[in-house]
Amino acid sequence: MKIKSTILAGATLAIMTVSSAHSADTIKIGFIDPLSGPFAATGTNGLQQFRYAVEKLVNEKGGVLGGKKFEIVPYDNKISPKESLVQLKRAIGEGVQYIAQGNSSGVANALTDAIKKHNKRNPDNRVLFLNYSAVDPALTNAKCNFWHFRFDANADIKMNALTDIIKGKSEIKKVYLIGQDYSFGKAVAAAAVKFLGEKRPDVEIVGNELHPIGKVKDFTPYATKIRASGADAVITGNWGADMIGLGKAIGETGLDVPIYTYYAANDGITKTIGASGKNKIRLVHEGPANPPSTPEYEAYHKGFKAKNPEKDISQFRIANAIQMLASAMDKSGSAKPIDVARALEGMEFTSLHGEKLMMRADDHQLIQPIHISVHTDENITFDSDNSGFGLRTESTVAAADTALPTTCKMRRPK
Amino acid sequence: MFELIFFSLLNGIVTGLLLFMLASGLTLIFSMMGVLNFAHASFYMLGAYFAYTISLYVGFWPGLIIAPILVGLFGALVERYGLRYVHRWGHVAELIFTFGLAFLIEEVVQFIWGKDTKAYHEPEVLQFALFNFFGQDFPAYKAFMLLVSIGIFIMLLLVLTRSRVGLIIQAAISQPNMTAMLGHNVPLVFMGVFGVGSALAGLAGVIAGPALGTFPGMAVVLGSIVFVIVVVGGLGSLGGAFVASLIIGLLQTFAIALDYSVSDLLAAFNITTAPDSALRDLWTLSLPQVAPILPYLLLVLILIFRPTGLFGKRET
Amino acid sequence: MSDIANTSTGEISVSFAKRFGPWIVLAIGLVIMPFIFSSNIAVYTMNLMGIFIIFALSYNMLLGQGGMLSFGHAVYFGLGGFMSVHFMNYIEYEIVVLPMAVLPIFGGIIGLIFAIIVGSFSTRRAGTVFAMISLGIGELIAASSLIFVAFFGGEEGVSGDRTMGPVFFDVDFAQDIQVYYLIAAWAFITIGLMYLFSRTPMGRMANAVRDNDERTEFIGYSQRKVRFISFCASGFFAGIAGGLFAINFEIVTEENLNALTSGVVLLMTYIGGVGFFIGPIVGAVVFTLLQTVLSNHTEIWQLYVGVMFVLTVMYVPQGLTGIFAMHIPAYRMSRLGSLVVPYIRAGVPTLIMLSGIVGFLEMIHHVRAAAQGEHGMSLIGIEFSTHAVMPWVVVCVLAAVGAVATKTQLPQLREAWEEANAPMQSNEGASS
């Protein structure tokens, strides 16, 4: 019995080990994100964007270091920290030295910690962590480390930009904060209270609510509460099904106030919210879609839509991450993570949108312009979810104005 | 404040009645076969997805009729060829079978319809505000949900108490062997009840899909809540399920609406707490935060102190 | 094969080799495994297996041996993990001085304490009441874990560093292989203890209560007390598994105690076979392989696992171990050889049919999920386009031919089976 299952185990493990042989002229980037389960839609979308970015921006241009090609290797983490660590082990075993991950700050926290430990324990086989979407501020503050680089703006930076905009809107007197009950939701709420207190002390925060993440069936009771509070703006960091539910419920109560969000677009959200959120929902994000910025970006976007008609460029930062990684390799003349990391520190870069970006060396946080866009179907060149609705940029906060001080004490390896 | 209470009451009733549509079928199945059907909420999900697909071609209204019938047929097949087969291995195997089925249905739904939320909308004619109270809208679709649920409740009550089929079902619930001896085809009754129960769950899915979202996780979100209702209401008691549904519905909406926390309670007794103690989370706990766990607390308490449920006659 | 200890009918043999042979084999096996599978990921997978073996065995103390169906067993696993990771941090900050290796004890203790609390009211009844209470408690604890951030760390969980604390013999657990031997040692001890537990009069009474609780009451045993003791023991071992999890992953999160993990342990125990002591071991090994290997090769692996689980429940309720156990009578009569040819004759068409079906599903999934214009996909190394007609025809033909051929071969298999088992009454004697 034992023997039979051992043989079975042996056979499968043997297959695993054999298949990990790789050729030397590709540089593998391990993509660890949910490809199955409830968040698979976001994960697979990100994967396609990575594949497209690698193909279009690096491989078609001849690769890096004189001909080496990038290759995206997907690993399914089922959005579980535990599974992410299993996949990280697997990726390292298969010769991957660059890890990209974005969905869920919980996973990012686990990964950055595990990578830090791995690099300490295995100095001759280090890996670099490219965080393209996890925005918990702690990752570039208290928990920062040398091997982690973040290409999205963190929750504090986005809130700072958002409150800059709210500062100029004197009609907003009462703000309602609602978010998911976990580290990111709490970070958004804390940042909102802090920045509103500094910039608009006259604004009253009429509600500061946290709801359980992914467990709320019906957001109507929350919408009722928001309506009853007399708020004239809502701020939320909700994402996924929680964002859809909240957006719909607020729409149904007939509440006509701006809803400032982080993630209310793409992956089916734009389509589901549709007309009920028109000119109400606003998004704070990097990488503007409408109006189109440069011909380069327009070509990039159209190329992606031609290949993936059902998907959208929902995370433009992926292109930035890939381009910056490639240019860091060319700059340092090496594909070793430690050399690349040193080249990335403080790197200045111009994106496809023509925006100037800078990877701050103090905390490895990318400093970039932040846009506030509105959910609408007017003057939309590039819509989301093929719904006719999309995001049109209303205002932009310049990169330098978004930078916030960091508490990070970066320790660099010698 | 009055505005909040009024709308919370309305929303609570809408949620409660929707839950009842699920629970009514489950409680009948449970009391007849002794099996808590884990896949019941999956039938609810199938209802929503079927109706979504139908609505793409012929609109919302035909889906309202066709989707529940399809789900009901599927449910009857599951009973006939799945559950009845597994019955020979005993109750635990039956329970595990429905558990596995729930898992499988979710995977199949993801395989067929994909993993993202479907844009399944309420029909155009119901997309308006029925009335406006203190400046807050009450959507007509909610009223429609209310009407359908009440209609189903009355119909079920009439069928079960006034018709011959209802009498046989009631007999099969309390004395299955005796009913079989009297010449009634009890397996057929089981299959029929299972089918109708699934169809009701499907109907709940059809009308809840547009309001609560149509996504692969929709069954899990609702699944265990329905169990709570069946157990709290009491075995085989339709009235119990009705009351329990309303209690759960209202409990959840009011827990969210009323912003009281433990520290408020303590403050009332003039007790102060240290802000950085290990139990700090307990002191800042507020009612909206614990709203989702209240049903389970109720479930455990009921099972400990009153295993028959509120209105049940037998122990579960 | 003597390793198969049938919990309900096993007899205590006197000979030394029979009694200790399997344990010696197990110990040697555990020691040499990393030499056979030495790659990093293989060691990592085996660590995971070890943890799940203990967890699944502890679950089977409830389901298989005590007849208690729990939907919240991950609570004890997760709490054990959280307690251990907190102790890991205490060691790091030198609040307590302990070697890391004994950490799982604390996981076990918290599991035990919690099992005593919950068991005091939940074990009064078996069956649905017990199942529902376990479900309710599971949901309660899982939801609270996101509320009580001080202990559970919220969404991101609690992490630690296993290399801290006093170091003995130069083993600081920096490398996975050292953790492997720690887990192997713990697994060996706990498997032994759980096996001994099932052999005590107490373990026997648990079986009696499972089979007929009323009768055991008449003999003079309190069914509630018997269940309670099994429940506490089970919680203790689940906590130990949780502690090992904490050491292996250095992070414990909410998912360790939520309903999903409870469902997974039920799944693997049942697939392995609840009626046998080694059933959960087989289940844990197979499930971990499915999870880590299958998911690397296909995105729809959960669909396959779901189908497999439902089929297991319907047709082989004795689980995988049960299938092997069915062959013991034929093996004893040295007739296994006569089954080989019929198995091949029925197995080959079945495999053809399965490959056809799997190919069909994979192709549909590929068509739906791949980017526009990317028609090329590869199955078992064969590259083809999903927009050509030929591959579809091939998989459909495979499935159809396989199905028809399987159907024609089944009668001869049944005949051969009956012949091989002829003097015995039935092949179902192995199930409990």
# chains A, B, ... in the order shown; residues from 1 in each chain; ligands from 1
call {"tool": "interface_residues", "arguments": {"of": "chain B", "to": "chain C", "cutoff": "8 Å", "atoms": "only C-alpha atoms", "output": "NGL selection string"}}
result
:B and (36 or 82 or 85-86 or 89 or 92-93 or 96-97 or 100-101 or 103-104 or 107-108 or 111 or 278-282 or 285 or 289 or 292-293 or 296-297 or 299-300 or 303-304 or 307 or 316)
call {"tool": "interface_residues", "arguments": {"of": "chain C", "to": "chain A", "cutoff": "8 Å", "atoms": "only C-alpha atoms", "output": "MDAnalysis selection string"}}
result
chainID C and resid 1 3:4 37 39:42 44 146:147 154:157 159 174:175 249 251:253 255 282 285:286 289 293 295:296 299:300 321 324 371:373
call {"tool": "residues_around", "arguments": {"residues": "stretch 178-188 of chain C", "least_positions_apart": "4", "cutoff": "7 Å", "atoms": "only C-alpha atoms", "output": "mmCIF file with C-alpha atoms, in the first residue's frame"}}
result
data_model
loop_
_atom_site.group_PDB
_atom_site.id
_atom_site.type_symbol
_atom_site.label_atom_id
_atom_site.label_comp_id
_atom_site.auth_asym_id
_atom_site.auth_seq_id
_atom_site.Cartn_x
_atom_site.Cartn_y
_atom_site.Cartn_z
ATOM 1 C CA LEU C 30 10.835 8.633 6.291
ATOM 2 C CA VAL C 43 11.177 18.252 -0.022
ATOM 3 C CA ASN C 47 6.783 18.635 4.340
ATOM 4 C CA GLY C 50 3.642 15.226 6.624
ATOM 5 C CA ILE C 54 -1.154 14.247 10.956
ATOM 6 C CA ALA C 101 11.568 21.698 17.768
ATOM 7 C CA VAL C 171 20.352 22.470 13.271
ATOM 8 C CA PHE C 173 16.022 25.033 10.532
ATOM 9 C CA GLY C 192 2.295 5.928 16.531
ATOM 10 C CA LEU C 244 4.268 22.049 12.369
ATOM 11 C CA ASN C 248 7.208 25.043 7.940
#
call {"tool": "closest_atom_pairs", "arguments": {"of": "chain B", "to": "chain A", "cutoff": "7 Å", "atoms": "only C-alpha atoms", "output": "CSV"}}
result
residue,atom,partner,partner_atom,distance
B:Glu3,CA,A:Ala228,CA,6.9
B:Leu4,CA,A:Ala228,CA,6.2
B:Phe7,CA,A:Thr224,CA,6.9
B:Ser8,CA,A:Pro221,CA,6.3
B:Asn11,CA,A:Pro221,CA,7.0
B:Lys115,CA,A:Ala41,CA,5.8
B:Asp116,CA,A:Ala41,CA,5.6
B:Thr117,CA,A:Gly268,CA,5.9
B:Ala119,CA,A:Thr272,CA,5.0
B:Gln136,CA,A:Thr253,CA,5.7
B:Asp137,CA,A:Thr253,CA,4.7
B:Phe138,CA,A:Thr253,CA,6.4
B:Pro139,CA,A:Glu252,CA,6.3
B:Leu212,CA,A:Asp218,CA,5.9
B:Pro216,CA,A:Pro38,CA,6.9
B:Gly217,CA,A:Pro38,CA,6.6
B:Val221,CA,A:Lys215,CA,6.1
B:Thr253,CA,A:Pro221,CA,5.6
B:Ile256,CA,A:Pro221,CA,6.5
B:Ala257,CA,A:Lys225,CA,6.2
B:Gln289,CA,A:His211,CA,6.0
call {"tool": "atom_distance", "arguments": {"atom1": "atom CA of C:His387", "atom2": "atom CA of C:Val367"}}
result
8.2 Å
call {"tool": "select_by_dssp", "arguments": {"residues": "stretch 187-231 of chain A", "states": "alpha helix (DSSP H)", "output": "JSON, numbers by chain"}}
result
{"A": [187, 188, 189, 190, 191, 192, 193, 194, 195, 196, 197, 198, 199, 220, 221, 222, 223, 224, 225, 226, 227, 228, 229]}
call {"tool": "residues_around", "arguments": {"residues": "stretch 207-210 of chain C", "least_positions_apart": "6", "cutoff": "8 Å", "atoms": "only C-alpha atoms", "output": "ChimeraX atom specification"}}
result
/C:8,65-68,216,223,226-227
call {"tool": "residues_around", "arguments": {"residues": "B:Gly239", "least_positions_apart": "4", "cutoff": "9 Å", "atoms": "only C-alpha atoms", "output": "number ranges by chain"}}
result
B: 157, 233-234, 243-244, 311
call {"tool": "write_last_selection", "arguments": {"atoms": "N, CA and C atoms", "output": "CSV table (one decimal), in the first residue's frame"}}
result
chain,number,residue,atom,x,y,z
B,157,LEU,N,-48.1,27.1,1.6
B,157,LEU,CA,-48.9,26.9,2.8
B,157,LEU,C,-50.2,26.2,2.3
B,233,GLY,N,-35.2,27.3,13.0
B,233,GLY,CA,-36.7,27.3,12.8
B,233,GLY,C,-37.3,26.0,13.3
B,234,GLY,N,-36.5,24.9,13.3
B,234,GLY,CA,-37.0,23.7,13.8
B,234,GLY,C,-37.3,22.7,12.6
B,243,VAL,N,-40.4,32.2,10.3
B,243,VAL,CA,-40.0,33.1,11.4
B,243,VAL,C,-38.5,33.3,11.5
B,244,ALA,N,-37.8,32.1,11.4
B,244,ALA,CA,-36.4,32.2,11.5
B,244,ALA,C,-35.8,33.0,10.4
B,311,PHE,N,-39.6,26.0,16.6
B,311,PHE,CA,-40.9,25.5,16.4
B,311,PHE,C,-40.9,24.0,16.1
call {"tool": "select_by_dssp", "arguments": {"residues": "stretch 188-394 of chain C", "states": "strand (DSSP E or B)", "output": "ChimeraX atom specification"}}
result
/C:251-252,276,376-379,382-385
call {"tool": "closest_residue", "arguments": {"among": "B:Met218, B:Leu265, B:Leu56, B:Val193", "to": "B:Gly75", "atoms": "only C-alpha atoms"}}
result
B:Val193
call {"tool": "residues_around", "arguments": {"residues": "B:Ala39", "least_positions_apart": "6", "cutoff": "7 Å", "atoms": "only C-alpha atoms", "output": "PyMOL selection string"}}
result
chain B and resi 98-99+101-102
call {"tool": "atom_distance", "arguments": {"atom1": "atom CA of B:Ser245", "atom2": "atom CA of B:Phe20"}}
result
5.3 Å
call {"tool": "residues_around", "arguments": {"residues": "C:Asn60", "least_positions_apart": "6", "cutoff": "12 Å", "atoms": "only C-alpha atoms", "output": "PyMOL selection string"}}
result
chain C and resi 7+52-54+66-70+73+191+194-195+198+203+206-207+230-231+233-235+237-238+265-281+283-284
call {"tool": "write_last_selection", "arguments": {"atoms": "N, CA and C atoms", "output": "short mmCIF file (atom, residue, chain, number, x, y, z; two decimals), in the first residue's frame"}}
result
data_model
loop_
_atom_site.label_atom_id
_atom_site.label_comp_id
_atom_site.auth_asym_id
_atom_site.auth_seq_id
_atom_site.Cartn_x
_atom_site.Cartn_y
_atom_site.Cartn_z
N THR C 7 -9.37 -0.95 11.21
CA THR C 7 -9.66 -0.52 12.57
C THR C 7 -10.80 -1.30 13.19
N PHE C 52 -0.17 17.35 6.61
CA PHE C 52 -1.54 16.96 6.32
C PHE C 52 -1.83 15.54 6.76
N ILE C 53 -0.80 14.69 6.78
CA ILE C 53 -1.02 13.32 7.27
C ILE C 53 -1.47 13.37 8.73
N ILE C 54 -0.77 14.16 9.54
CA ILE C 54 -1.15 14.25 10.96
C ILE C 54 -2.55 14.85 11.08
N GLY C 66 -14.84 7.62 15.38
CA GLY C 66 -15.89 8.01 16.32
C GLY C 66 -17.23 8.28 15.68
N GLY C 67 -17.29 8.27 14.34
CA GLY C 67 -18.55 8.52 13.66
C GLY C 67 -19.06 9.94 13.80
N MET C 68 -18.16 10.89 14.03
CA MET C 68 -18.58 12.29 14.17
C MET C 68 -18.15 13.06 12.93
N LEU C 69 -19.11 13.58 12.19
CA LEU C 69 -18.80 14.34 10.98
C LEU C 69 -18.62 15.80 11.35
N SER C 70 -17.40 16.30 11.21
CA SER C 70 -17.12 17.68 11.60
C SER C 70 -16.88 18.54 10.38
N HIS C 73 -13.09 21.25 11.63
CA HIS C 73 -11.91 20.71 12.29
C HIS C 73 -10.70 21.62 12.13
N ILE C 191 1.79 9.53 14.55
CA ILE C 191 1.11 8.40 13.91
C ILE C 191 1.08 7.23 14.89
N MET C 194 -1.45 7.92 17.67
CA MET C 194 -2.83 7.81 17.23
C MET C 194 -3.20 6.36 16.95
N TYR C 195 -2.20 5.60 16.46
CA TYR C 195 -2.48 4.19 16.24
C TYR C 195 -2.72 3.49 17.56
N SER C 198 -6.09 4.14 18.90
CA SER C 198 -7.17 3.37 18.30
C SER C 198 -7.19 1.95 18.83
N GLY C 203 -10.29 3.56 22.41
CA GLY C 203 -10.46 3.63 20.96
C GLY C 203 -11.51 2.65 20.49
N ALA C 206 -14.87 3.99 21.16
CA ALA C 206 -15.26 5.00 20.17
C ALA C 206 -15.89 4.32 18.96
N ASN C 207 -15.29 3.18 18.53
CA ASN C 207 -15.88 2.44 17.41
C ASN C 207 -17.28 1.94 17.77
N SER C 230 -12.50 11.21 22.56
CA SER C 230 -12.00 11.16 21.17
C SER C 230 -11.83 12.57 20.63
N PHE C 231 -12.82 13.39 20.90
CA PHE C 231 -12.83 14.75 20.37
C PHE C 231 -11.62 15.53 20.88
N ALA C 233 -8.76 14.32 22.06
CA ALA C 233 -7.53 13.77 21.50
C ALA C 233 -7.34 14.28 20.08
N SER C 234 -8.44 14.28 19.34
CA SER C 234 -8.38 14.74 17.96
C SER C 234 -7.95 16.20 17.87
N GLY C 235 -8.51 17.03 18.76
CA GLY C 235 -8.14 18.44 18.78
C GLY C 235 -6.66 18.61 19.09
N PHE C 237 -4.13 16.51 18.46
CA PHE C 237 -3.26 16.16 17.34
C PHE C 237 -3.40 17.17 16.19
N ALA C 238 -4.62 17.68 16.00
CA ALA C 238 -4.78 18.71 14.97
C ALA C 238 -3.94 19.93 15.32
N VAL C 265 -9.76 18.91 4.59
CA VAL C 265 -9.36 17.76 5.40
C VAL C 265 -10.43 16.67 5.31
N LEU C 266 -11.69 17.09 5.21
CA LEU C 266 -12.75 16.09 5.00
C LEU C 266 -12.55 15.38 3.67
N LEU C 267 -12.25 16.20 2.64
CA LEU C 267 -12.05 15.66 1.30
C LEU C 267 -10.93 14.62 1.28
N MET C 268 -9.78 14.98 1.85
CA MET C 268 -8.66 14.05 1.71
C MET C 268 -8.85 12.83 2.58
N THR C 269 -9.46 12.99 3.74
CA THR C 269 -9.70 11.82 4.57
C THR C 269 -10.65 10.87 3.87
N TYR C 270 -11.68 11.44 3.28
CA TYR C 270 -12.68 10.58 2.66
C TYR C 270 -12.14 9.90 1.40
N ILE C 271 -11.40 10.65 0.60
CA ILE C 271 -10.82 10.04 -0.61
C ILE C 271 -9.87 8.93 -0.22
N GLY C 272 -9.12 9.14 0.87
CA GLY C 272 -8.18 8.11 1.32
C GLY C 272 -8.89 6.88 1.85
N GLY C 273 -9.99 7.09 2.52
CA GLY C 273 -10.73 5.96 3.10
C GLY C 273 -10.85 6.10 4.60
N VAL C 274 -12.08 6.28 5.09
CA VAL C 274 -12.25 6.54 6.52
C VAL C 274 -12.24 5.26 7.35
N GLY C 275 -12.44 4.14 6.72
CA GLY C 275 -12.55 2.90 7.48
C GLY C 275 -11.22 2.26 7.85
N PHE C 276 -10.13 2.87 7.44
CA PHE C 276 -8.82 2.26 7.67
C PHE C 276 -7.92 3.23 8.38
N PHE C 277 -7.03 2.69 9.19
CA PHE C 277 -6.15 3.61 9.90
C PHE C 277 -5.26 4.37 8.92
N ILE C 278 -4.77 3.69 7.88
CA ILE C 278 -3.86 4.39 6.97
C ILE C 278 -4.60 5.14 5.87
N GLY C 279 -5.93 5.04 5.84
CA GLY C 279 -6.70 5.75 4.82
C GLY C 279 -6.35 7.23 4.72
N PRO C 280 -6.41 7.95 5.84
CA PRO C 280 -6.09 9.38 5.79
C PRO C 280 -4.66 9.65 5.33
N ILE C 281 -3.75 8.73 5.63
CA ILE C 281 -2.36 8.93 5.18
C ILE C 281 -2.32 8.92 3.65
N GLY C 283 -4.85 9.42 1.71
CA GLY C 283 -5.59 10.59 1.24
C GLY C 283 -4.75 11.84 1.26
N ALA C 284 -4.01 12.05 2.34
CA ALA C 284 -3.20 13.27 2.46
C ALA C 284 -2.11 13.29 1.39
#
